[in-house]
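Heads up, the thing below is written out as structure tokens.
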Amino acid sequence: MKRIAAALACLLACSCGSGGKKQFFVAFSQANNAEPYRAAQNALMTKLWAQHPDVRLVISDAQQDNSRQIAQVETFIRQKPDLLIVAPNERAALTDVMGTAMERNIPVICLERDVLQPHYTTYIHSDNLEIGRNAGVFIVDYLKKKYGAPKGNIVAIRGLLGVEGEINRDKGARQVFDQYPGIKIVADPVADWVQARAKDRMTEVLRAQPRIDVVYGHNDPMAVGAWLAARELGVEREMIFVGVDGLPGEAGGIKKVMDGVLAATFVYPLCVDKAVEIGNRILHEPGFRPEREYVIDSTMVTPANAAALYAK
Amino acid sequence: MTLARRFPESLLALLGIIVIAIAISPVAADGARIFLQPGNLTDILRQISLIGIISLAMTFVILTAGIDLSVGSILALSTTIVAMALARQGRGIAAAILLAVAASAAVGAVNGLVIAFLRMQPFVVTLATMIGVRGLAKWLSNNENIDIGFGRDLAAQFAAAFRQKWVVIGSYVAAAAAFWTLLARTVFGRHVRAIGDNERAAEYAGLPIRATKIWVYGLSGLLSGFAGVLYAAENHQGNPNAGVAYELDAIAAVVIGGTRLSGGKGSISGTIIGTLFMGVLTNMLRLNNVDSNVEMMIKAVIIVLAVAAQRERKSK
């Protein structure tokens, strides 16, 4: 077993050294390829690093399993990457192993979710609480326009309970709604981020609730699932649908805004552009010291700017 | 007849849950109970149809004392194939459906071949298939959902046609009728039962054990694939991550319907009742806005009670 590992290591070393110029090895430990958001991260990461011929990128998929991700990061550490990017599955679980990487002097970029101790060179993320607030403000503005006063009935479709994204997208919006006693959340079924499940849960809500003005899905697929349910009952024009994520591509939320399915979505930034930019400077500029933290702003996508964003 | 004896027991559980659902149903503005609205009742039927279709073949599998854990992955593969064929390769609707269902049936038949000829445990074989086919679906689609839009192209026409309530429910009813006939009225059905009851005796009696198993798992793949086609239409997408844990829902429906996991005893009518039971239960809890964590706990208790009630009555 050791011999095989040694042979592999030699092979890696040879393939890296053969270009003459210095070759860089960038390892990206992804939490779960199965989520569309993370699949989009991988795609953009691959595309952006491909523009740098001296960089070789390897992506591993932890399939939403903490111990699998720890094992994969440990394997990466053995290969001594020039840069390690980790999108942690959960905060507590990955803290230690990322510390180990730091001890071995491997620069670590922590992507999107943080860890308990600051075991990273830099942390690049967005702000779900802010996104929740932005969604809340958009919804309140819509209701003011519709009724001339801030009142109305909202259905919130919730993601997997207990996850940071779910908690803060919910909390941020509620902070805004709570200022207006006329605005009520009349139902908040849990659909675990899954479109098919959101459709079923929304069908029941539509049966039980006579009046719904706005559906706020904590991600786009759930908002689309709710729209499908409303369409089946022929009431999709009586309410608007707001989502979060705003992924690019055919199946993404930006396209759904263009199609008139969603009234708006809030881009949860992939954070990958910044990670590649900062990662590149770490690799190529010896004296470069990145900030401890970069917060990437969200963009609101409405029919006004959807086409332009989609084309990008 | 065993059928006549078992029928009323699970039926009683179903009637009980329906009475509760009616009793605690919220009331609409016009005073009608929401649970009893025709729209809500057909919602339930549509929502249980996919699991219902899968659990028909699962009943056959369990009757042979087997299990099929790969149904959810096969469903995902089917959604992926049908969506890719329509939206990316521009194939016709019939061709796309045929491709998806044939591939699914082939996967199921491979399950059966390995189980029959290598004499491996169905749990292990279909577990491997569950993992491998999920990988295949993700690999084919590059981890992406494949969008079926709302335009006028063939893919959108496919979705519009196959997501209609009566098409979905009708498919379930037709499949249920076919599988009920197959089990209760044909030689093949008797072979299925005989193998689960006592495989060695069936072997000595000269029954075609291998062929029957290959057919049973092939049918399981076929129905899972067909459910995948309906899933793709309903959700307007091919989704390589669809159908996770569907095998457990299907097995639960079969077991609640009174089919023994050890094989030999059980019926399609029982499975249909079990499927309806779960559908009514979910609908009842959701209409009353029951907290989703509490919902899981209530479901767990009710499943055990439903199966235990049948046991008790049977032992008398």
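Quick note on naming: the chains in the structure tokens go A, B, ... in the order shown, residues restart at 1 in each chain, and ligands are numbered from 1 in order of appearance.
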Q: Would you list the contacts of Thr212 of chain B as a list in words, taking every protein, DNA or RNA residue within 8 Å and counting only C-alpha atoms, but skipping same-chain residues closer than 2 positions in sequence?
A: Phe188, His191, Val192, Pro208, Ile209, Arg210, Ile214, Trp215 and Val216 of chain B
Using N, CA and C atoms, can you export the residues from the last selection as a PDB file, in the first residue's frame?
ATOM      1  N   PHE B 188     -47.552 -16.987 -13.633  1.00  0.00           N
ATOM      2  CA  PHE B 188     -46.385 -16.216 -13.191  1.00  0.00           C
ATOM      3  C   PHE B 188     -46.562 -15.744 -11.747  1.00  0.00           C
ATOM      4  N   HIS B 191     -46.010 -18.517  -9.352  1.00  0.00           N
ATOM      5  CA  HIS B 191     -44.578 -18.808  -9.215  1.00  0.00           C
ATOM      6  C   HIS B 191     -43.925 -17.832  -8.240  1.00  0.00           C
ATOM      7  N   VAL B 192     -44.282 -16.530  -8.381  1.00  0.00           N
ATOM      8  CA  VAL B 192     -43.703 -15.502  -7.509  1.00  0.00           C
ATOM      9  C   VAL B 192     -43.952 -15.850  -6.042  1.00  0.00           C
ATOM     10  N   PRO B 208     -39.663 -22.347 -12.803  1.00  0.00           N
ATOM     11  CA  PRO B 208     -38.569 -21.575 -13.415  1.00  0.00           C
ATOM     12  C   PRO B 208     -38.115 -20.448 -12.497  1.00  0.00           C
ATOM     13  N   ILE B 209     -37.320 -20.794 -11.491  1.00  0.00           N
ATOM     14  CA  ILE B 209     -36.952 -19.819 -10.467  1.00  0.00           C
ATOM     15  C   ILE B 209     -36.136 -18.663 -11.028  1.00  0.00           C
ATOM     16  N   ARG B 210     -35.103 -19.011 -11.817  1.00  0.00           N
ATOM     17  CA  ARG B 210     -34.231 -17.954 -12.341  1.00  0.00           C
ATOM     18  C   ARG B 210     -35.008 -16.994 -13.231  1.00  0.00           C
ATOM     19  N   ILE B 214     -35.576 -12.928 -12.689  1.00  0.00           N
ATOM     20  CA  ILE B 214     -35.141 -11.917 -13.650  1.00  0.00           C
ATOM     21  C   ILE B 214     -36.327 -11.049 -14.070  1.00  0.00           C
ATOM     22  N   TRP B 215     -37.467 -11.695 -14.300  1.00  0.00           N
ATOM     23  CA  TRP B 215     -38.669 -10.938 -14.661  1.00  0.00           C
ATOM     24  C   TRP B 215     -39.087  -9.985 -13.552  1.00  0.00           C
ATOM     25  N   VAL B 216     -39.076 -10.485 -12.316  1.00  0.00           N
ATOM     26  CA  VAL B 216     -39.544  -9.667 -11.198  1.00  0.00           C
ATOM     27  C   VAL B 216     -38.687  -8.407 -11.038  1.00  0.00           C
TER      28      VAL B 216
END
Q: Please report as an MDAnalysis selection string which residues of chain A come no farther than 10 Å from chain B, using only C-alpha atoms.
A: chainID A and resid 33:40 42:43 161 186:191 194:197 199:210 221 224:225 228:229 232:233 249:252 255:256 259 261
Q | d(atom CA of Gly162 of chain A, atom CA of Leu50 of chain B) in Å | A | 28.9 Å
Just list as a CSV table (one decimal) with C-alpha atoms, in the first residue's frame whatever in segment 39-205 of chain A DSSP marks as helix (DSSP H, G or I).
chain,number,residue,atom,x,y,z
A,39,ALA,CA,-22.1,21.9,-9.2
A,40,ALA,CA,-22.1,25.5,-10.5
A,41,GLN,CA,-19.1,26.3,-8.2
A,42,ASN,CA,-17.2,23.4,-9.6
A,43,ALA,CA,-17.9,24.3,-13.2
A,44,LEU,CA,-16.8,27.9,-12.7
A,45,MET,CA,-13.7,26.8,-10.7
A,46,THR,CA,-12.7,24.4,-13.5
A,47,LYS,CA,-13.3,27.1,-16.2
A,48,LEU,CA,-11.4,29.9,-14.4
A,49,TRP,CA,-8.3,27.8,-13.4
A,50,ALA,CA,-8.2,26.4,-17.0
A,66,ASN,CA,-18.1,15.1,7.1
A,67,SER,CA,-15.9,12.2,7.6
A,68,ARG,CA,-15.5,11.6,3.9
A,69,GLN,CA,-14.5,15.3,3.5
A,70,ILE,CA,-12.0,15.0,6.3
A,71,ALA,CA,-10.4,12.0,4.7
A,72,GLN,CA,-10.3,13.7,1.3
A,73,VAL,CA,-8.6,16.8,2.8
A,74,GLU,CA,-6.1,14.5,4.6
A,75,THR,CA,-5.2,12.9,1.3
A,76,PHE,CA,-4.8,16.3,-0.3
A,77,ILE,CA,-2.4,17.3,2.5
A,78,ARG,CA,-0.3,14.3,1.8
A,91,ARG,CA,-18.2,24.0,10.5
A,92,ALA,CA,-17.2,21.9,13.5
A,93,ALA,CA,-16.2,18.8,11.6
A,94,LEU,CA,-13.6,20.4,9.2
A,95,THR,CA,-12.0,22.7,11.7
A,96,ASP,CA,-9.2,20.4,12.8
A,97,VAL,CA,-8.1,19.1,9.5
A,98,MET,CA,-7.9,22.5,8.0
A,99,GLY,CA,-5.7,23.4,11.0
A,100,THR,CA,-3.4,20.6,10.0
A,101,ALA,CA,-3.1,22.0,6.5
A,102,MET,CA,-2.2,25.4,7.9
A,103,GLU,CA,0.5,23.8,10.1
A,128,ASN,CA,-27.4,34.9,4.0
A,129,LEU,CA,-28.8,37.2,6.7
A,130,GLU,CA,-28.4,40.2,4.4
A,131,ILE,CA,-30.0,38.2,1.5
A,132,GLY,CA,-32.9,37.4,3.7
A,133,ARG,CA,-33.3,41.0,4.6
A,134,ASN,CA,-33.1,42.1,0.9
A,135,ALA,CA,-35.8,39.5,0.0
A,136,GLY,CA,-37.9,40.8,2.9
A,137,VAL,CA,-37.6,44.4,1.7
A,138,PHE,CA,-38.5,43.4,-1.9
A,139,ILE,CA,-41.6,41.5,-0.7
A,140,VAL,CA,-42.7,44.4,1.5
A,141,ASP,CA,-42.3,46.9,-1.3
A,142,TYR,CA,-44.3,44.7,-3.6
A,143,LEU,CA,-47.1,44.4,-1.0
A,144,LYS,CA,-47.1,48.2,-0.5
A,145,LYS,CA,-47.6,48.7,-4.2
A,146,LYS,CA,-50.3,46.0,-4.4
A,147,TYR,CA,-52.4,47.2,-1.5
A,164,GLU,CA,-27.0,28.1,8.4
A,165,GLY,CA,-28.4,29.2,5.0
A,166,GLU,CA,-31.9,28.2,6.0
A,167,ILE,CA,-31.8,29.8,9.4
A,168,ASN,CA,-30.5,33.2,8.2
A,169,ARG,CA,-32.5,33.4,5.0
A,170,ASP,CA,-35.5,32.9,7.2
A,171,LYS,CA,-34.4,35.2,10.0
A,172,GLY,CA,-33.4,38.1,7.8
A,173,ALA,CA,-36.8,38.1,6.0
A,174,ARG,CA,-38.7,37.8,9.3
A,175,GLN,CA,-36.8,40.8,10.8
A,176,VAL,CA,-38.3,42.9,8.0
A,177,PHE,CA,-41.8,41.4,8.1
A,195,GLN,CA,-38.3,21.2,-5.8
A,196,ALA,CA,-40.5,18.1,-6.0
A,197,ARG,CA,-41.2,18.2,-2.2
A,198,ALA,CA,-41.9,22.0,-2.4
A,199,LYS,CA,-44.5,21.3,-5.0
A,200,ASP,CA,-46.3,18.7,-2.8
A,201,ARG,CA,-46.2,20.9,0.3
A,202,MET,CA,-47.4,24.0,-1.6
A,203,THR,CA,-50.3,22.0,-3.0
A,204,GLU,CA,-51.6,21.5,0.5
A,205,VAL,CA,-51.0,25.1,1.5
Q) Do you have the atom CA of Pro88 of chain A-atom CA of Lys22 of chain A distance handy? A)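 Interatomic distance, atom CA of Pro88 of chain A to atom CA of Lys22 of chain A: 28.9 Å.
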Residues of segment 194-237 of chain B that approach segment 262-277 of chain B to 12 Å or less, counting only C-alpha atoms: could you list each one with the shortest pair of atoms and its distance in Å to one decimal, rows by chain and increasing residue number, as a tab-separated table?
residue	atom	partner	partner_atom	distance
B:Ala194	CA	B:Gly264	CA	6.4
B:Ile195	CA	B:Gly264	CA	7.1
B:Gly196	CA	B:Gly264	CA	4.2
B:Asp197	CA	B:Gly264	CA	4.0
B:Asn198	CA	B:Gly264	CA	7.7
B:Glu199	CA	B:Gly264	CA	9.6
B:Ala202	CA	B:Gly264	CA	11.4
Q: Calculate how many Å separate atom CA of Val168 of chain B from atom CA of Ile298 of chain B, rounding to one decimal.
A: 28.4 Å
Q | Nearby residues (only C-alpha atoms) at most 7 Å from Gln64 of chain A, same-chain spacing under 5 positions excluded, as a list in words | A |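 Returned residues: Ala31, Asn32 and Asn89 of chain A.
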